[in-house]
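Next up, run-v1.txt (compact mmCIF, C-alpha atoms and all ligand atoms):
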```txt
# COMPACT_ATOMS: atom_id res chain seq x y z
CA MET G 1 113.17 -14.02 -146.43
CA ALA G 2 111.32 -16.82 -148.27
CA ALA G 3 113.33 -19.24 -150.48
CA LEU G 4 112.18 -17.75 -153.80
CA ASP G 5 111.65 -14.08 -152.91
CA GLY G 6 111.72 -11.91 -156.04
CA LYS G 7 112.00 -14.86 -158.44
CA ILE G 8 109.93 -15.35 -161.61
CA ALA G 9 108.76 -18.89 -162.41
CA LEU G 10 107.05 -20.36 -165.47
CA VAL G 11 105.00 -23.53 -164.95
CA THR G 12 103.48 -25.54 -167.83
CA GLY G 13 100.32 -27.61 -167.40
CA ALA G 14 99.50 -25.36 -164.44
CA ALA G 15 95.69 -25.58 -164.64
CA ARG G 16 95.27 -28.55 -162.33
CA GLY G 17 96.89 -31.50 -160.56
CA ILE G 18 100.63 -31.47 -159.98
CA GLY G 19 101.20 -28.27 -162.01
CA GLN G 20 98.68 -26.37 -159.89
CA ALA G 21 100.32 -27.57 -156.65
CA ILE G 22 103.75 -26.55 -157.99
CA ALA G 23 102.54 -23.04 -158.87
CA ASP G 24 100.93 -22.77 -155.43
CA GLN G 25 104.10 -23.78 -153.56
CA LEU G 26 106.45 -21.64 -155.67
CA ALA G 27 104.19 -18.64 -154.94
CA ALA G 28 104.08 -19.48 -151.23
CA ALA G 29 107.89 -19.42 -151.32
CA GLY G 30 107.88 -15.90 -152.79
CA SER G 31 107.90 -16.36 -156.58
CA ASP G 32 105.68 -14.65 -159.13
CA VAL G 33 104.34 -17.28 -161.52
CA ALA G 34 103.60 -17.33 -165.27
CA LEU G 35 100.94 -20.01 -165.71
CA CYS G 36 100.79 -21.91 -169.01
CA ASP G 37 98.16 -24.38 -170.19
CA LEU G 38 96.12 -25.11 -173.29
CA GLN G 39 93.49 -22.49 -172.39
CA THR G 40 93.80 -19.46 -170.11
CA GLU G 41 90.31 -19.83 -168.63
CA TRP G 42 91.32 -23.21 -167.14
CA LEU G 43 94.03 -21.38 -165.18
CA ALA G 44 91.76 -19.09 -163.10
CA GLU G 45 91.78 -21.39 -160.04
CA THR G 46 95.59 -21.63 -160.03
CA ALA G 47 95.94 -17.88 -160.58
CA ALA G 48 93.70 -17.30 -157.54
CA LEU G 49 96.00 -19.47 -155.39
CA VAL G 50 99.11 -17.53 -156.51
CA THR G 51 97.38 -14.20 -155.90
CA ALA G 52 96.19 -15.36 -152.47
CA ALA G 53 99.84 -15.98 -151.59
CA GLY G 54 100.48 -12.31 -152.41
CA ARG G 55 102.34 -13.01 -155.67
CA ARG G 56 101.68 -11.98 -159.27
CA ALA G 57 100.11 -14.51 -161.68
CA LEU G 58 99.53 -14.13 -165.40
CA CYS G 59 97.98 -16.80 -167.64
CA TYR G 60 99.12 -17.87 -171.11
CA ALA G 61 97.39 -20.22 -173.59
CA VAL G 62 100.01 -22.47 -175.15
CA ASP G 63 100.22 -25.96 -176.58
CA VAL G 64 103.66 -27.11 -175.39
CA SER G 65 104.09 -29.27 -178.50
CA ASN G 66 103.82 -26.29 -180.88
CA ALA G 67 107.19 -24.57 -181.38
CA GLU G 68 105.76 -21.22 -182.50
CA ALA G 69 103.25 -21.10 -179.65
CA VAL G 70 105.99 -21.91 -177.13
CA GLN G 71 108.29 -19.16 -178.42
CA SER G 72 105.45 -16.58 -178.40
CA ALA G 73 104.48 -17.56 -174.84
CA VAL G 74 108.08 -17.26 -173.63
CA ASN G 75 108.44 -13.87 -175.39
CA ALA G 76 105.23 -12.67 -173.71
CA VAL G 77 106.32 -13.89 -170.25
CA GLU G 78 109.72 -12.20 -170.61
CA LYS G 79 108.01 -8.96 -171.68
CA ASP G 80 105.41 -9.11 -168.87
CA PHE G 81 107.72 -10.17 -166.01
CA GLY G 82 111.12 -8.97 -167.25
CA ARG G 83 112.93 -12.31 -166.79
CA ILE G 84 112.45 -16.02 -166.06
CA ASP G 85 114.44 -17.59 -163.20
CA ILE G 86 112.65 -20.93 -162.90
CA LEU G 87 111.09 -23.17 -165.57
CA VAL G 88 108.98 -26.17 -164.59
CA ASN G 89 108.15 -28.47 -167.52
CA ASN G 90 105.14 -30.24 -166.07
CA ALA G 91 102.54 -30.52 -168.88
CA GLY G 92 102.01 -34.17 -169.80
CA VAL G 93 99.46 -36.68 -171.06
CA THR G 94 98.88 -40.42 -171.23
CA LYS G 95 97.35 -42.37 -174.14
CA ASP G 96 97.68 -45.91 -172.83
CA ASN G 97 97.40 -49.07 -174.90
CA PHE G 98 99.27 -52.29 -175.45
CA LEU G 99 101.98 -52.07 -178.11
CA VAL G 100 100.08 -54.07 -180.73
CA ARG G 101 97.03 -51.83 -180.37
CA MET G 102 98.84 -48.51 -180.05
CA THR G 103 98.22 -46.15 -182.95
CA GLU G 104 100.96 -44.04 -184.48
CA GLN G 105 98.86 -40.99 -183.52
CA ASP G 106 98.84 -41.99 -179.82
CA TRP G 107 102.61 -42.55 -179.95
CA ASP G 108 103.25 -39.19 -181.64
CA GLN G 109 100.93 -37.18 -179.39
CA VAL G 110 102.47 -38.44 -176.15
CA LEU G 111 106.04 -37.96 -177.41
CA ASP G 112 105.18 -34.51 -178.81
CA ILE G 113 103.65 -33.19 -175.60
CA ASN G 114 105.77 -34.90 -172.93
CA LEU G 115 109.20 -34.92 -174.59
CA LYS G 116 109.21 -32.40 -177.44
CA GLY G 117 107.27 -29.91 -175.28
CA THR G 118 110.01 -30.11 -172.63
CA PHE G 119 112.70 -29.61 -175.31
CA LEU G 120 110.87 -26.63 -176.85
CA PHE G 121 110.32 -24.80 -173.55
CA THR G 122 113.86 -25.51 -172.35
CA LYS G 123 115.31 -24.18 -175.60
CA ALA G 124 113.11 -21.06 -175.61
CA VAL G 125 113.74 -20.17 -171.95
CA CYS G 126 117.43 -21.01 -171.72
CA ARG G 127 118.44 -18.22 -174.12
CA SER G 128 117.69 -15.50 -171.58
CA MET G 129 118.82 -17.70 -168.65
CA MET G 130 122.19 -18.05 -170.42
CA LYS G 131 122.43 -14.25 -170.77
CA GLN G 132 121.60 -13.72 -167.08
CA ARG G 133 123.95 -16.61 -166.22
CA SER G 134 121.46 -18.16 -163.80
CA GLY G 135 118.38 -20.30 -163.84
CA ALA G 136 116.79 -23.49 -162.54
CA ILE G 137 114.84 -25.91 -164.71
CA VAL G 138 112.81 -28.76 -163.23
CA ASN G 139 111.30 -31.39 -165.52
CA VAL G 140 108.45 -33.62 -164.39
CA ALA G 141 109.34 -37.15 -165.53
CA SER G 142 107.85 -40.34 -164.02
CA ILE G 143 109.03 -43.56 -162.40
CA ILE G 144 107.57 -45.21 -165.52
CA GLY G 145 110.44 -43.62 -167.45
CA LEU G 146 112.82 -45.53 -165.16
CA ILE G 147 111.13 -48.92 -164.85
CA GLY G 148 108.74 -49.13 -167.85
CA ASN G 149 105.13 -50.31 -167.71
CA ALA G 150 103.01 -52.68 -169.80
CA GLY G 151 100.43 -50.63 -171.70
CA GLN G 152 102.45 -47.41 -171.52
CA CYS G 153 105.31 -47.83 -174.02
CA ASN G 154 104.72 -44.36 -175.48
CA TYR G 155 104.52 -42.70 -172.04
CA ALA G 156 107.53 -44.65 -170.70
CA ALA G 157 109.61 -43.72 -173.75
CA SER G 158 108.61 -40.06 -173.43
CA LYS G 159 109.55 -39.92 -169.75
CA ALA G 160 112.82 -41.84 -170.26
CA GLY G 161 113.48 -39.21 -172.94
CA VAL G 162 112.77 -36.43 -170.44
CA ILE G 163 115.28 -38.02 -168.06
CA ALA G 164 117.96 -38.21 -170.77
CA LEU G 165 117.16 -34.64 -171.86
CA THR G 166 117.53 -33.52 -168.23
CA LYS G 167 120.95 -35.14 -167.85
CA SER G 168 122.24 -33.82 -171.18
CA THR G 169 120.99 -30.25 -170.77
CA ALA G 170 122.33 -30.19 -167.20
CA LYS G 171 125.82 -30.95 -168.54
CA GLU G 172 125.44 -28.46 -171.39
CA LEU G 173 124.11 -25.55 -169.33
CA ALA G 174 126.02 -25.93 -166.05
CA SER G 175 128.83 -23.61 -167.13
CA ARG G 176 126.23 -20.88 -167.78
CA GLY G 177 124.89 -21.08 -164.21
CA ILE G 178 121.76 -23.05 -165.15
CA ARG G 179 120.79 -26.16 -163.19
CA VAL G 180 118.48 -28.81 -164.70
CA ASN G 181 116.92 -31.57 -162.62
CA ALA G 182 113.92 -33.90 -162.84
CA VAL G 183 111.39 -35.31 -160.43
CA ALA G 184 110.02 -38.78 -161.13
CA PRO G 185 106.65 -39.12 -159.38
CA GLY G 186 105.04 -42.48 -158.67
CA PHE G 187 101.25 -42.71 -158.28
CA ILE G 188 99.90 -39.23 -157.52
CA LYS G 189 96.18 -38.50 -156.96
CA THR G 190 95.16 -36.30 -159.95
CA LYS G 191 92.72 -36.40 -162.88
CA MET G 192 95.41 -38.36 -164.78
CA THR G 193 95.23 -41.27 -162.32
CA ASP G 194 91.47 -40.89 -161.55
CA LYS G 195 90.76 -42.74 -164.78
CA LEU G 196 92.55 -45.95 -163.67
CA SER G 197 90.42 -48.92 -162.62
CA GLU G 198 89.89 -49.92 -158.98
CA ASP G 199 91.79 -53.13 -159.69
CA ILE G 200 94.91 -51.29 -160.91
CA ARG G 201 94.73 -48.84 -157.98
CA LYS G 202 94.56 -51.72 -155.49
CA LYS G 203 97.61 -53.40 -157.05
CA MET G 204 99.51 -50.07 -157.11
CA LEU G 205 98.75 -49.39 -153.45
CA GLU G 206 100.10 -52.81 -152.47
CA ALA G 207 103.39 -51.90 -154.22
CA ILE G 208 103.89 -48.61 -152.32
CA PRO G 209 106.02 -49.12 -149.17
CA LEU G 210 104.73 -45.89 -147.56
CA GLY G 211 101.20 -47.33 -147.92
CA ARG G 212 99.44 -44.38 -149.55
CA PHE G 213 99.08 -42.67 -152.92
CA GLY G 214 100.98 -39.41 -153.33
CA GLU G 215 99.39 -35.96 -153.23
CA PRO G 216 100.31 -33.25 -155.78
CA ALA G 217 101.86 -31.31 -152.88
CA ASP G 218 104.30 -34.20 -152.23
CA VAL G 219 105.76 -33.61 -155.70
CA ALA G 220 105.58 -29.81 -155.46
CA GLN G 221 107.73 -29.80 -152.28
CA VAL G 222 110.56 -31.54 -154.11
CA VAL G 223 110.20 -29.28 -157.17
CA LEU G 224 110.43 -26.27 -154.83
CA PHE G 225 113.66 -27.62 -153.31
CA LEU G 226 115.23 -28.27 -156.74
CA ALA G 227 114.18 -24.80 -157.98
CA SER G 228 115.64 -23.04 -154.94
CA ASP G 229 119.19 -22.10 -153.99
CA ALA G 230 119.02 -24.84 -151.34
CA ALA G 231 119.80 -27.14 -154.30
CA ALA G 232 122.64 -24.92 -155.59
CA TYR G 233 125.02 -27.91 -155.95
CA VAL G 234 122.44 -30.29 -157.46
CA THR G 235 122.13 -30.67 -161.23
CA GLY G 236 121.41 -33.48 -163.70
CA GLN G 237 119.61 -35.49 -161.01
CA VAL G 238 116.36 -37.43 -161.01
CA VAL G 239 114.56 -37.43 -157.66
CA THR G 240 111.87 -40.07 -157.31
CA VAL G 241 108.76 -39.06 -155.35
CA CYS G 242 106.96 -42.38 -155.15
CA GLY G 243 106.53 -43.51 -151.56
CA GLY G 244 109.45 -45.91 -151.97
CA MET G 245 108.06 -47.82 -154.99
CA VAL G 246 111.33 -47.41 -156.89
CA THR G 247 114.70 -47.25 -155.19
CA ALA G 248 117.76 -46.57 -157.27
P1 LIG R 301 96.71 -33.71 -165.19
O1 LIG R 301 96.12 -34.37 -166.38
O2 LIG R 301 95.88 -33.51 -163.98
O3 LIG R 301 97.31 -32.26 -165.61
C1 LIG R 301 98.07 -32.09 -166.76
C2 LIG R 301 97.97 -30.64 -167.20
O4 LIG R 301 98.73 -30.50 -168.42
C3 LIG R 301 96.53 -30.24 -167.54
O5 LIG R 301 96.24 -28.98 -166.96
C4 LIG R 301 96.52 -30.19 -169.05
O6 LIG R 301 95.57 -29.25 -169.60
C5 LIG R 301 97.95 -29.76 -169.35
N1 LIG R 301 98.33 -30.12 -170.72
C6 LIG R 301 98.13 -31.28 -171.36
N2 LIG R 301 98.56 -31.21 -172.63
C7 LIG R 301 99.06 -29.97 -172.81
C8 LIG R 301 99.65 -29.28 -173.88
N3 LIG R 301 99.80 -29.87 -175.08
N4 LIG R 301 100.05 -27.99 -173.70
C9 LIG R 301 99.89 -27.38 -172.50
N5 LIG R 301 99.34 -27.98 -171.43
C10 LIG R 301 98.92 -29.25 -171.58
O7 LIG R 301 98.03 -34.54 -164.87
P2 LIG R 301 98.99 -34.59 -163.58
O8 LIG R 301 98.79 -35.89 -162.95
O9 LIG R 301 98.90 -33.34 -162.79
O10 LIG R 301 100.41 -34.66 -164.35
C11 LIG R 301 101.35 -33.60 -164.38
C12 LIG R 301 102.67 -34.17 -164.82
O11 LIG R 301 103.09 -35.14 -163.87
C13 LIG R 301 102.65 -34.87 -166.18
O12 LIG R 301 103.84 -34.61 -166.88
C14 LIG R 301 102.57 -36.33 -165.80
O13 LIG R 301 103.09 -37.18 -166.81
C15 LIG R 301 103.43 -36.34 -164.55
N6 LIG R 301 103.21 -37.49 -163.68
C16 LIG R 301 102.00 -37.70 -163.08
C17 LIG R 301 101.83 -38.80 -162.25
C18 LIG R 301 100.55 -39.08 -161.54
O14 LIG R 301 100.48 -40.14 -160.90
N7 LIG R 301 99.55 -38.24 -161.60
C19 LIG R 301 102.92 -39.75 -162.02
C20 LIG R 301 104.14 -39.42 -162.69
C21 LIG R 301 104.27 -38.32 -163.49
```
Using C-alpha cells, write down the structure from this file.
Amino acid sequence: MAALDGKIALVTGAARGIGQAIADQLAAAGSDVALCDLQTEWLAETAALVTAAGRRALCYAVDVSNAEAVQSAVNAVEKDFGRIDILVNNAGVTKDNFLVRMTEQDWDQVLDINLKGTFLFTKAVCRSMMKQRSGAIVNVASIIGLIGNAGQCNYAASKAGVIALTKSTAKELASRGIRVNAVAPGFIKTKMTDKLSEDIRKKMLEAIPLGRFGEPADVAQVVLFLASDAAAYVTGQVVTVCGGMVTA
C-alpha cells in the first residue's frame, strides 16, 4: 500500500514549480488531488501528471488572498471529493525592492497572498478536519523567513508570519488530530527564481554547501513525508530544504 492511499489532498499554487511537483508526488503516493491556482486552464499540465499516476484531479480557480473565493473553493472540493485529508499552502509571490523603494501595494500584496492566503485556507479547511478528527497541513515557508534578506522585507515578513502561524495552529489543532508543519526551501529552480540575475545566482550557489540549486522535487519529497502518517508524531516543525544553507 502506498503512503497516501485513499487520501484527498488540496494543493494551492499547483499550476507550476514547487506546487506542481508536490501535486505530482502526493498523487504518486496514492492521493487524489484538488488543484488550486488563479486560473483553471493553467492547471492542465499538473492535472495530467496526477491522472497519469492513476489518481483523480480536479481544478479550481481561486485567489488565495480572497476570503470568499477560498471558502467557495473549499466548499466545492469537499462536495466533489467528500473530504480533505491534506492541505498544502504553497501559493506565493515575490515583489522585491529595498525598503525605501517598496510601495505599500507591494507590501500588501505579498502579505495578502503568502500569509493571509495561508490563514484563509487553513481556517476554511480545518473545520471539516476538526470534525473528522484528522488532517495534515503543510505550509510552504522559506529560509528567508528565518534569516531575512536585503530587498525582500515584505517576503521575509510574510514567510516569518507563515512560520509563526504554523507553530500556533499546530498547538491549537493538535488535540483535534490535525498536524501542521512547514517546509522552508532555500534556492529552488522555478519561474520564481528564473528572474534573478546571473550575479545573484552565482553568489547563492557559493553559499550552498551541497553545491547545487534545489529542484521542486526536493521540496515535494519533504512535503510528502510531513503529509503522511510517517510523520505522525511531528507537528509545529519547520524543515529546511536548502542544501545546507541554513542550519538551525
Ligand atoms: P512559482 O511562481 O513558480 O509558482 C507559484 C504558483 O502560485 C503559481 O502557479 C501562481 O499562479 C500561484 N499563485 C500566485 N499567486 C496566487 C494567488 N493569489 N492565488 C492562487 N495562486 C497563486 O513559484 P515557486 O517557486 O514554485 O514557489 C512556490 C512556493 O514556494 C511559494 O510559496 C514560494 O514563496 C516558496 N518558495 C520558493 C522558493 C524558490 O526558490 N523557488 C524558495 C523558498 C520558498
Could the residues of chain G that have an atom at most 7 Å from ligand LIG 301 (chain R) be listed as a Markdown table, each with its closest atom pair and the distance in Å to one decimal, counting only C-alpha atoms and all ligand atoms and ordered by chain and ascending residue number?
```
| residue | atom | partner | partner_atom | distance |
| --- | --- | --- | --- | --- |
| G:Thr12 | CA | R:LIG301 | N5 | 6.0 |
| G:Gly13 | CA | R:LIG301 | O4 | 3.5 |
| G:Ala14 | CA | R:LIG301 | O5 | 5.5 |
| G:Ala15 | CA | R:LIG301 | O5 | 4.2 |
| G:Arg16 | CA | R:LIG301 | O5 | 4.8 |
| G:Gly17 | CA | R:LIG301 | O9 | 3.5 |
| G:Ile18 | CA | R:LIG301 | O9 | 3.8 |
| G:Gly19 | CA | R:LIG301 | O9 | 5.6 |
| G:Cys36 | CA | R:LIG301 | C9 | 6.6 |
| G:Asp37 | CA | R:LIG301 | N5 | 4.0 |
| G:Leu38 | CA | R:LIG301 | C9 | 4.5 |
| G:Val62 | CA | R:LIG301 | C9 | 5.6 |
| G:Asp63 | CA | R:LIG301 | N4 | 3.5 |
| G:Val64 | CA | R:LIG301 | N4 | 4.1 |
| G:Ser65 | CA | R:LIG301 | N3 | 5.5 |
| G:Asn90 | CA | R:LIG301 | O12 | 4.6 |
| G:Ala91 | CA | R:LIG301 | O4 | 3.8 |
| G:Gly92 | CA | R:LIG301 | O12 | 3.5 |
| G:Val93 | CA | R:LIG301 | C6 | 5.6 |
| G:Thr94 | CA | R:LIG301 | O13 | 6.9 |
| G:Ile113 | CA | R:LIG301 | N3 | 5.1 |
| G:Asn114 | CA | R:LIG301 | O12 | 6.4 |
| G:Val140 | CA | R:LIG301 | O12 | 5.3 |
| G:Ala141 | CA | R:LIG301 | C21 | 5.6 |
| G:Ser142 | CA | R:LIG301 | C20 | 4.0 |
| G:Ile143 | CA | R:LIG301 | C20 | 6.4 |
| G:Ala184 | CA | R:LIG301 | C20 | 6.1 |
| G:Pro185 | CA | R:LIG301 | C20 | 4.2 |
| G:Gly186 | CA | R:LIG301 | C19 | 4.8 |
| G:Phe187 | CA | R:LIG301 | O14 | 3.7 |
| G:Ile188 | CA | R:LIG301 | O14 | 3.5 |
| G:Lys189 | CA | R:LIG301 | N7 | 5.7 |
| G:Thr190 | CA | R:LIG301 | O8 | 4.7 |
| G:Lys191 | CA | R:LIG301 | O2 | 4.4 |
| G:Met192 | CA | R:LIG301 | O1 | 4.4 |
| G:Thr193 | CA | R:LIG301 | N7 | 5.3 |
```
If we count only C-alpha atoms, what is near range 120-134 of chain G at a cut-off of 8 Å, once residues fewer than 4 positions away on the same chain are taken out, given as a short mmCIF file (atom, residue, chain, number, x, y, z; two decimals) with C-alpha atoms, in the frame of the given file?
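Okay, this is what ended up in around.cif:
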```cif
data_model
loop_
_atom_site.label_atom_id
_atom_site.label_comp_id
_atom_site.auth_asym_id
_atom_site.auth_seq_id
_atom_site.Cartn_x
_atom_site.Cartn_y
_atom_site.Cartn_z
CA VAL G 64 103.66 -27.11 -175.39
CA SER G 65 104.09 -29.27 -178.50
CA ALA G 67 107.19 -24.57 -181.38
CA VAL G 70 105.99 -21.91 -177.13
CA GLN G 71 108.29 -19.16 -178.42
CA VAL G 74 108.08 -17.26 -173.63
CA ARG G 83 112.93 -12.31 -166.79
CA ILE G 84 112.45 -16.02 -166.06
CA ASP G 85 114.44 -17.59 -163.20
CA LEU G 87 111.09 -23.17 -165.57
CA ASN G 89 108.15 -28.47 -167.52
CA LYS G 116 109.21 -32.40 -177.44
CA LEU G 173 124.11 -25.55 -169.33
CA ARG G 176 126.23 -20.88 -167.78
CA GLY G 177 124.89 -21.08 -164.21
CA ILE G 178 121.76 -23.05 -165.15
#
```
Using only C-alpha atoms, which protein or nucleic acid residues come within 9 Å of Val234 in chain G? Drop anything in the same chain fewer than 2 positions from it, and give the result as a list in words.
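Those residues are Arg179, Val180, Asn181, Leu226, Ala230, Ala231, Ala232, Gly236 and Gln237 of chain G.
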CA of Tyr155 in chain G to CA of Asp112 in chain G: how many Å, to one decimal?
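Distance reported for this atom pair: 10.6 Å.
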Using all atoms listed in the file, determine which residues lie at most 12 Å from Pro209 in chain G, disregarding the query and same-chain residues fewer than 3 positions distant; provide the list as number ranges by chain.
G: 186, 204-206, 212-214, 242-247
Nearest to Val162 in chain G: which of G:Thr118, G:Gln20, G:Val138, G:Leu196 is it, counting all atoms listed in the file?
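Result for the nearest residue to Val162 in chain G: G:Thr118.
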What separation in Å, quoted to one decimal, exists between CA of Leu224 in chain G and CA of Val110 in chain G?
25.8 Å
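Between Ala52 in chain G and the candidates G:Gln25, G:Gln221, G:Ser168, G:Thr235, the tightest atom-to-atom separation, counting only C-alpha atoms, involves G:Gln25.
Between CA of Ala48 in chain G and CA of Asp218 in chain G the interatomic distance comes to 20.6 Å.
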Neighbour list for Tyr60 in chain G as a ChimeraX atom specification, cut-off 9 Å, only C-alpha atoms, skip fewer than 4 positions in-chain:
/G:34-40,43,73,76-77
Those residues you just picked out, can you put them in a file as a CSV table (one decimal), in the frame of the given file with C-alpha atoms?
```csv
chain,number,residue,atom,x,y,z
G,34,ALA,CA,103.6,-17.3,-165.3
G,35,LEU,CA,100.9,-20.0,-165.7
G,36,CYS,CA,100.8,-21.9,-169.0
G,37,ASP,CA,98.2,-24.4,-170.2
G,38,LEU,CA,96.1,-25.1,-173.3
G,39,GLN,CA,93.5,-22.5,-172.4
G,40,THR,CA,93.8,-19.5,-170.1
G,43,LEU,CA,94.0,-21.4,-165.2
G,73,ALA,CA,104.5,-17.6,-174.8
G,76,ALA,CA,105.2,-12.7,-173.7
G,77,VAL,CA,106.3,-13.9,-170.2
```
So which one's closest to Ala29 in chain G, G:Ser228, G:Asn154, G:Thr169, G:Gln105? Using only C-alpha atoms, please.
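Checking each of G:Ser228, G:Asn154, G:Thr169, G:Gln105 against Ala29 in chain G, counting only C-alpha atoms, the winner is G:Ser228.
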Restricting the calculation to all atoms listed in the file: of G:Glu172, G:Val183, G:Cys59, G:Glu78, which residue gets closest to Ala160 in chain G?
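Counting all atoms listed in the file, the residue closest to Ala160 in chain G is G:Val183.
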Pick out the closest residue to Lys167 in chain G from this set: G:Asn139, G:Asn97, G:Gln152, G:Gln109. Count only C-alpha atoms.
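The closest residue to Lys167 in chain G is G:Asn139.
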Can you pull out every residue within 10 Å of Leu49 in chain G, counting only C-alpha atoms, but drop anything in the same chain fewer than 5 positions away, and send it as a PyMOL selection string?
chain G and resi 20-21+23-25+27-28+44+54-55+57
